[in-house]
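Q: Next up is a structure, given as structure tokens.
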Amino acid sequence: AVMMLLYPKEEKTHLILIVRNPYDGVHSSQIAFPGGKYETFDADYKETALRETNEEVGISPDKIKVIKTFTPTYIPPSNFLVHPFLGISNEELSFYPDVREVADIIEMPLSVFLNDEIIIEAKLSTSYAKDILVPAFNIQNHIVWGATAMILSELREVLKSAFEIDLQST
């Protein structure tokens with residue numbers, strides 16, 4: 001389960017992503033949302049997303065209000081079904097990345113995320129193909145693709161639809 005966390009920073013709404021540490025595995029050094037594997041002591045996937053967000057970036061579950069469940073996304077190389085959740089915090093957050101799992105934190109203003117200029121097509125070599133063109137995002141000079149890009153795409157559509165409704169009602 002993963003957490004798409006929106007929060008205020010410098011009077012703008014931001015979204016957090018993490019850069020995974022390099023390791024011997026298919027998701028080494030990739031850009032992702034805070035999150036991880038369901039454990040038997042988790043009540044549900046929402047609790048997994050909250051627990052893992054706390055473990056990976058140091059944000060206590062009581063600072064996050066989960067407001068929406070998104071479409072589960074299957075990741076063939078690791079055989080995981082990812083359960084994404086949208087959470088919000090009404091306070092500015094300080095992140096404390098777990099150095100064993102997180103190499104860096106990306107804090108992206110929502111205005112940048114919603115700008116179509118970050119959408120690209122990238123040529124990548126993956127665990128299953130060489131030099132293939134994939135839809136991706138260029139976020140702070142990081143190529144974000146695969147399941148994270150799919151989840152980001154759904155988030156963009158949901159947010160853009162919400163903003164259109166708000167703009168029409170004013």
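Each chain in the structure tokens gets a letter, A, B and so on, in the order shown; residues start at 1 in every chain, and ligands are counted from 1 in the order they appear.
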Mind the document's chain letters and residue numbers, and return as a ChimeraX atom specification the residues of range 31-139 of chain A that DSSP labels alpha helix (DSSP H).
A: /A:45-57,110-113
Q: Could you please take those selected residues and save N, CA, C and O atoms as a PDB file, in the first residue's frame?
A:
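Final output, result_21.pdb:
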```
ATOM      1  N   TYR A  45      -5.219  -2.335   4.236  1.00  0.00           N
ATOM      2  CA  TYR A  45      -4.207  -1.679   3.403  1.00  0.00           C
ATOM      3  C   TYR A  45      -4.038  -0.209   3.754  1.00  0.00           C
ATOM      4  O   TYR A  45      -2.942   0.334   3.644  1.00  0.00           O
ATOM      5  N   LYS A  46      -5.112   0.425   4.181  1.00  0.00           N
ATOM      6  CA  LYS A  46      -5.007   1.829   4.610  1.00  0.00           C
ATOM      7  C   LYS A  46      -4.030   1.942   5.778  1.00  0.00           C
ATOM      8  O   LYS A  46      -3.168   2.819   5.802  1.00  0.00           O
ATOM      9  N   GLU A  47      -4.148   1.027   6.739  1.00  0.00           N
ATOM     10  CA  GLU A  47      -3.229   1.035   7.875  1.00  0.00           C
ATOM     11  C   GLU A  47      -1.791   0.756   7.413  1.00  0.00           C
ATOM     12  O   GLU A  47      -0.839   1.341   7.932  1.00  0.00           O
ATOM     13  N   THR A  48      -1.636  -0.112   6.407  1.00  0.00           N
ATOM     14  CA  THR A  48      -0.304  -0.378   5.860  1.00  0.00           C
ATOM     15  C   THR A  48       0.292   0.899   5.283  1.00  0.00           C
ATOM     16  O   THR A  48       1.456   1.227   5.555  1.00  0.00           O
ATOM     17  N   ALA A  49      -0.493   1.622   4.488  1.00  0.00           N
ATOM     18  CA  ALA A  49      -0.002   2.859   3.876  1.00  0.00           C
ATOM     19  C   ALA A  49       0.393   3.886   4.938  1.00  0.00           C
ATOM     20  O   ALA A  49       1.448   4.525   4.838  1.00  0.00           O
ATOM     21  N   LEU A  50      -0.416   4.021   5.974  1.00  0.00           N
ATOM     22  CA  LEU A  50      -0.101   4.955   7.056  1.00  0.00           C
ATOM     23  C   LEU A  50       1.149   4.522   7.827  1.00  0.00           C
ATOM     24  O   LEU A  50       2.035   5.338   8.123  1.00  0.00           O
ATOM     25  N   ARG A  51       1.229   3.226   8.155  1.00  0.00           N
ATOM     26  CA  ARG A  51       2.391   2.712   8.904  1.00  0.00           C
ATOM     27  C   ARG A  51       3.673   2.901   8.104  1.00  0.00           C
ATOM     28  O   ARG A  51       4.695   3.368   8.618  1.00  0.00           O
ATOM     29  N   GLU A  52       3.622   2.525   6.827  1.00  0.00           N
ATOM     30  CA  GLU A  52       4.820   2.621   5.992  1.00  0.00           C
ATOM     31  C   GLU A  52       5.237   4.079   5.754  1.00  0.00           C
ATOM     32  O   GLU A  52       6.422   4.374   5.679  1.00  0.00           O
ATOM     33  N   THR A  53       4.274   4.982   5.654  1.00  0.00           N
ATOM     34  CA  THR A  53       4.599   6.404   5.511  1.00  0.00           C
ATOM     35  C   THR A  53       5.322   6.889   6.760  1.00  0.00           C
ATOM     36  O   THR A  53       6.306   7.627   6.675  1.00  0.00           O
ATOM     37  N   ASN A  54       4.875   6.430   7.908  1.00  0.00           N
ATOM     38  CA  ASN A  54       5.548   6.782   9.155  1.00  0.00           C
ATOM     39  C   ASN A  54       6.961   6.191   9.189  1.00  0.00           C
ATOM     40  O   ASN A  54       7.931   6.881   9.517  1.00  0.00           O
ATOM     41  N   GLU A  55       7.090   4.913   8.817  1.00  0.00           N
ATOM     42  CA  GLU A  55       8.403   4.256   8.849  1.00  0.00           C
ATOM     43  C   GLU A  55       9.376   4.875   7.846  1.00  0.00           C
ATOM     44  O   GLU A  55      10.548   5.055   8.155  1.00  0.00           O
ATOM     45  N   GLU A  56       8.905   5.179   6.645  1.00  0.00           N
ATOM     46  CA  GLU A  56       9.820   5.635   5.586  1.00  0.00           C
ATOM     47  C   GLU A  56      10.161   7.121   5.638  1.00  0.00           C
ATOM     48  O   GLU A  56      11.282   7.493   5.328  1.00  0.00           O
ATOM     49  N   VAL A  57       9.175   7.964   6.013  1.00  0.00           N
ATOM     50  CA  VAL A  57       9.444   9.409   5.983  1.00  0.00           C
ATOM     51  C   VAL A  57       9.126  10.122   7.291  1.00  0.00           C
ATOM     52  O   VAL A  57       9.212  11.346   7.378  1.00  0.00           O
ATOM     53  N   LEU A 110       1.913  21.166  -6.180  1.00  0.00           N
ATOM     54  CA  LEU A 110       0.808  20.638  -6.966  1.00  0.00           C
ATOM     55  C   LEU A 110       0.702  21.346  -8.320  1.00  0.00           C
ATOM     56  O   LEU A 110       0.362  20.722  -9.321  1.00  0.00           O
ATOM     57  N   SER A 111       1.029  22.626  -8.354  1.00  0.00           N
ATOM     58  CA  SER A 111       0.979  23.371  -9.624  1.00  0.00           C
ATOM     59  C   SER A 111       1.947  22.790 -10.649  1.00  0.00           C
ATOM     60  O   SER A 111       1.646  22.748 -11.849  1.00  0.00           O
ATOM     61  N   VAL A 112       3.094  22.305 -10.205  1.00  0.00           N
ATOM     62  CA  VAL A 112       4.057  21.656 -11.107  1.00  0.00           C
ATOM     63  C   VAL A 112       3.508  20.301 -11.540  1.00  0.00           C
ATOM     64  O   VAL A 112       3.547  19.937 -12.716  1.00  0.00           O
ATOM     65  N   PHE A 113       2.978  19.554 -10.594  1.00  0.00           N
ATOM     66  CA  PHE A 113       2.434  18.232 -10.890  1.00  0.00           C
ATOM     67  C   PHE A 113       1.312  18.297 -11.923  1.00  0.00           C
ATOM     68  O   PHE A 113       1.192  17.439 -12.794  1.00  0.00           O
TER      69      PHE A 113
END
```
Q: Wanna dump the range 21-104 of chain A-range 145-159 of chain A contacts at 8 Å for me, each residue with its shortest atom pair and the distance in Å to one decimal, counting only C-alpha atoms, ordered by chain and number, as a Markdown table?
A:
```
| residue | atom | partner | partner_atom | distance |
| --- | --- | --- | --- | --- |
| A:Ile31 | CA | A:Thr148 | CA | 7.4 |
| A:Ala32 | CA | A:Thr148 | CA | 5.8 |
| A:Phe33 | CA | A:Thr148 | CA | 7.3 |
| A:Phe70 | CA | A:Glu154 | CA | 7.8 |
| A:Thr71 | CA | A:Ile151 | CA | 7.9 |
| A:Thr73 | CA | A:Ala147 | CA | 6.6 |
| A:Tyr74 | CA | A:Ala147 | CA | 7.5 |
| A:Ile75 | CA | A:Ala147 | CA | 6.4 |
| A:Pro84 | CA | A:Ile151 | CA | 7.4 |
```
Q: Find the distance between CA of Leu17 in chain A and CA of Phe137 in chain A and write it in Å to one decimal.
A: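 Straight-line distance from CA of Leu17 in chain A to CA of Phe137 in chain A works out to 12.4 Å.
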Q: Can you list every residue in chain A that DSSP puts in strand (DSSP E or B), as a PyMOL selection string?
A: chain A and resi 2-9+12-20+31-32+35+65-69+73-75+80-82+84-88+102-109+119-124+132-139+142-144
Q: Considering only C-alpha atoms, can you say which of A:Thr69, A:Gln30, A:His83, A:Met108 comes closest to His142 in chain A?
A: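 Among A:Thr69, A:Gln30, A:His83, A:Met108, it is A:Gln30 that comes nearest to His142 in chain A.
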Q: Skipping near chain neighbours, those fewer than 4 positions away, what residues fall within 9 Å of Lys63 in chain A using only C-alpha atoms, listed as a PyMOL selection string?
A: chain A and resi 59+88-91+93
Q: Export all heavy atoms of the chosen residues as a PDB file, in the first residue's frame?
A:
```pdb
ATOM      1  N   ILE A  59       6.266  10.500   9.142  1.00  0.00           N
ATOM      2  CA  ILE A  59       5.024  11.238   9.373  1.00  0.00           C
ATOM      3  C   ILE A  59       4.033  10.346  10.125  1.00  0.00           C
ATOM      4  O   ILE A  59       3.624   9.300   9.633  1.00  0.00           O
ATOM      5  CB  ILE A  59       4.401  11.740   8.049  1.00  0.00           C
ATOM      6  CG1 ILE A  59       5.401  12.627   7.296  1.00  0.00           C
ATOM      7  CG2 ILE A  59       3.086  12.473   8.307  1.00  0.00           C
ATOM      8  CD1 ILE A  59       5.900  13.841   8.059  1.00  0.00           C
ATOM      9  N   ILE A  88      -4.263  13.675   3.157  1.00  0.00           N
ATOM     10  CA  ILE A  88      -3.927  15.089   3.273  1.00  0.00           C
ATOM     11  C   ILE A  88      -3.505  15.396   4.696  1.00  0.00           C
ATOM     12  O   ILE A  88      -3.925  14.743   5.648  1.00  0.00           O
ATOM     13  CB  ILE A  88      -5.092  16.016   2.862  1.00  0.00           C
ATOM     14  CG1 ILE A  88      -6.330  15.766   3.724  1.00  0.00           C
ATOM     15  CG2 ILE A  88      -5.421  15.869   1.389  1.00  0.00           C
ATOM     16  CD1 ILE A  88      -7.438  16.785   3.548  1.00  0.00           C
ATOM     17  N   SER A  89      -2.641  16.377   4.800  1.00  0.00           N
ATOM     18  CA  SER A  89      -2.278  16.933   6.092  1.00  0.00           C
ATOM     19  C   SER A  89      -2.530  18.424   5.996  1.00  0.00           C
ATOM     20  O   SER A  89      -2.234  19.042   4.967  1.00  0.00           O
ATOM     21  CB  SER A  89      -0.807  16.666   6.419  1.00  0.00           C
ATOM     22  OG  SER A  89      -0.488  17.235   7.674  1.00  0.00           O
ATOM     23  N   ASN A  90      -3.080  19.000   7.035  1.00  0.00           N
ATOM     24  CA  ASN A  90      -3.368  20.432   7.032  1.00  0.00           C
ATOM     25  C   ASN A  90      -2.228  21.258   7.616  1.00  0.00           C
ATOM     26  O   ASN A  90      -2.348  22.464   7.731  1.00  0.00           O
ATOM     27  CB  ASN A  90      -4.673  20.711   7.788  1.00  0.00           C
ATOM     28  CG  ASN A  90      -5.863  20.146   7.049  1.00  0.00           C
ATOM     29  OD1 ASN A  90      -5.924  20.221   5.823  1.00  0.00           O
ATOM     30  ND2 ASN A  90      -6.800  19.564   7.777  1.00  0.00           N
ATOM     31  N   GLU A  91      -1.148  20.584   7.983  1.00  0.00           N
ATOM     32  CA  GLU A  91      -0.016  21.306   8.558  1.00  0.00           C
ATOM     33  C   GLU A  91       1.245  21.053   7.741  1.00  0.00           C
ATOM     34  O   GLU A  91       1.382  20.033   7.080  1.00  0.00           O
ATOM     35  CB  GLU A  91       0.200  20.899  10.012  1.00  0.00           C
ATOM     36  CG  GLU A  91       0.525  19.432  10.212  1.00  0.00           C
ATOM     37  CD  GLU A  91       0.593  19.043  11.683  1.00  0.00           C
ATOM     38  OE1 GLU A  91      -0.467  18.765  12.261  1.00  0.00           O
ATOM     39  OE2 GLU A  91       1.717  19.026  12.224  1.00  0.00           O
ATOM     40  N   LEU A  93       4.795  19.865   7.011  1.00  0.00           N
ATOM     41  CA  LEU A  93       5.421  18.662   7.553  1.00  0.00           C
ATOM     42  C   LEU A  93       6.935  18.718   7.449  1.00  0.00           C
ATOM     43  O   LEU A  93       7.486  19.305   6.519  1.00  0.00           O
ATOM     44  CB  LEU A  93       4.914  17.432   6.786  1.00  0.00           C
ATOM     45  CG  LEU A  93       3.407  17.187   6.816  1.00  0.00           C
ATOM     46  CD1 LEU A  93       3.032  16.048   5.877  1.00  0.00           C
ATOM     47  CD2 LEU A  93       2.935  16.904   8.240  1.00  0.00           C
TER      48      LEU A  93
END
```
Q: For CA of Asp42 in chain A and CA of Val19 in chain A, quote the distance in Å rounded to one decimal.
A: 24.4 Å
Q: Could you list, as JSON, numbers by chain, every residue within 10 Å of Leu124 in chain A, counting only C-alpha atoms and ignoring same-chain residues fewer than 5 positions away?
A: {"A": [129, 130, 131, 132, 133, 134, 143, 145]}
Q: Could you turn the residues from that selection into a file that holds N, CA and C atoms, as a PDB file, in the first residue's frame?
A:
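Just written: again-v1.pdb:
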```pdb
ATOM      1  N   ALA A 129      12.370  -5.631 -21.008  1.00  0.00           N
ATOM      2  CA  ALA A 129      12.552  -5.153 -22.386  1.00  0.00           C
ATOM      3  C   ALA A 129      13.703  -4.154 -22.458  1.00  0.00           C
ATOM      4  N   LYS A 130      14.293  -4.047 -23.642  1.00  0.00           N
ATOM      5  CA  LYS A 130      15.389  -3.095 -23.854  1.00  0.00           C
ATOM      6  C   LYS A 130      14.920  -1.977 -24.774  1.00  0.00           C
ATOM      7  N   ASP A 131      15.326  -0.755 -24.444  1.00  0.00           N
ATOM      8  CA  ASP A 131      15.054   0.423 -25.274  1.00  0.00           C
ATOM      9  C   ASP A 131      13.603   0.537 -25.720  1.00  0.00           C
ATOM     10  N   ILE A 132      12.690   0.538 -24.753  1.00  0.00           N
ATOM     11  CA  ILE A 132      11.282   0.714 -25.098  1.00  0.00           C
ATOM     12  C   ILE A 132      10.839   2.125 -24.711  1.00  0.00           C
ATOM     13  N   LEU A 133       9.885   2.656 -25.472  1.00  0.00           N
ATOM     14  CA  LEU A 133       9.320   3.961 -25.158  1.00  0.00           C
ATOM     15  C   LEU A 133       8.170   3.762 -24.178  1.00  0.00           C
ATOM     16  N   VAL A 134       8.226   4.496 -23.069  1.00  0.00           N
ATOM     17  CA  VAL A 134       7.189   4.395 -22.056  1.00  0.00           C
ATOM     18  C   VAL A 134       6.683   5.788 -21.692  1.00  0.00           C
ATOM     19  N   ILE A 143      13.097  10.499 -13.923  1.00  0.00           N
ATOM     20  CA  ILE A 143      12.120   9.876 -14.801  1.00  0.00           C
ATOM     21  C   ILE A 143      11.243   8.953 -13.952  1.00  0.00           C
ATOM     22  N   TRP A 145       8.131   6.413 -13.992  1.00  0.00           N
ATOM     23  CA  TRP A 145       7.420   5.581 -14.960  1.00  0.00           C
ATOM     24  C   TRP A 145       6.791   4.389 -14.239  1.00  0.00           C
TER      25      TRP A 145
END
```
Q: When distances are computed from only C-alpha atoms, which of A:Asp116, A:Glu107, A:Glu92, A:Glu101 shows the smallest separation from Glu10 in chain A?
A: A:Glu92
Q: Using CA of Phe85 in chain A and CA of Met3 in chain A as the two end points, give the distance in Å to one decimal.
A: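 The value is 5.0 Å.
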Q: Could you tell me which of A:Asn138, A:Glu117, A:Val144, A:Val2 comes closest to Val82 in chain A if we count only C-alpha atoms?
A: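 Among the listed residues, A:Val2 lies closest to Val82 in chain A.
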Q: Please provide the set of residues having any atom within 7 Å of Tyr96 in chain A, restricted to only C-alpha atoms, with same-chain residues fewer than 2 positions apart removed, written as a PyMOL selection string.
A: chain A and resi 57-58+94+98
Q: Find the residue from A:Pro109, A:Pro34, A:Pro72, A:Ile67 that sits nearest to Glu11 in chain A; use only C-alpha atoms when measuring.
A: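 Looking at the shortest contact to Glu11 in chain A, the residue is A:Pro109.
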Q: Find the residues around Asp104 in chain A up to 8 Å (only C-alpha atoms counted), leave out those fewer than 4 positions away in its own chain, and share them as a list of chain:residue names.
A: A:Ile18, A:Val19, A:Arg20, A:Pro97
Q: Write out, as a PDB file, in the first residue's frame, the residues just selected, with C-alpha atoms.
A:
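Result file is again_30.pdb:
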```pdb
ATOM      1  CA  ILE A  18      10.638   9.223  -2.406  1.00  0.00           C
ATOM      2  CA  VAL A  19      13.757   8.010  -4.172  1.00  0.00           C
ATOM      3  CA  ARG A  20      14.343   4.406  -3.165  1.00  0.00           C
ATOM      4  CA  PRO A  97      13.621   9.610   5.823  1.00  0.00           C
TER       5      PRO A  97
END
```
Q: Using only C-alpha atoms, which of A:Asn79, A:Asn21, A:Ala122, A:Ser161 sits nearest Ala103 in chain A?
A: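 Checking each candidate against Ala103 in chain A, we get A:Asn21 as the closest.
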Q: Determine the nearest neighbour of Leu114 in chain A from the options A:Ala136, A:Lys160, A:Gly87, A:Arg100, counting only C-alpha atoms.
A: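 Among A:Ala136, A:Lys160, A:Gly87, A:Arg100, it is A:Lys160 that comes nearest to Leu114 in chain A.
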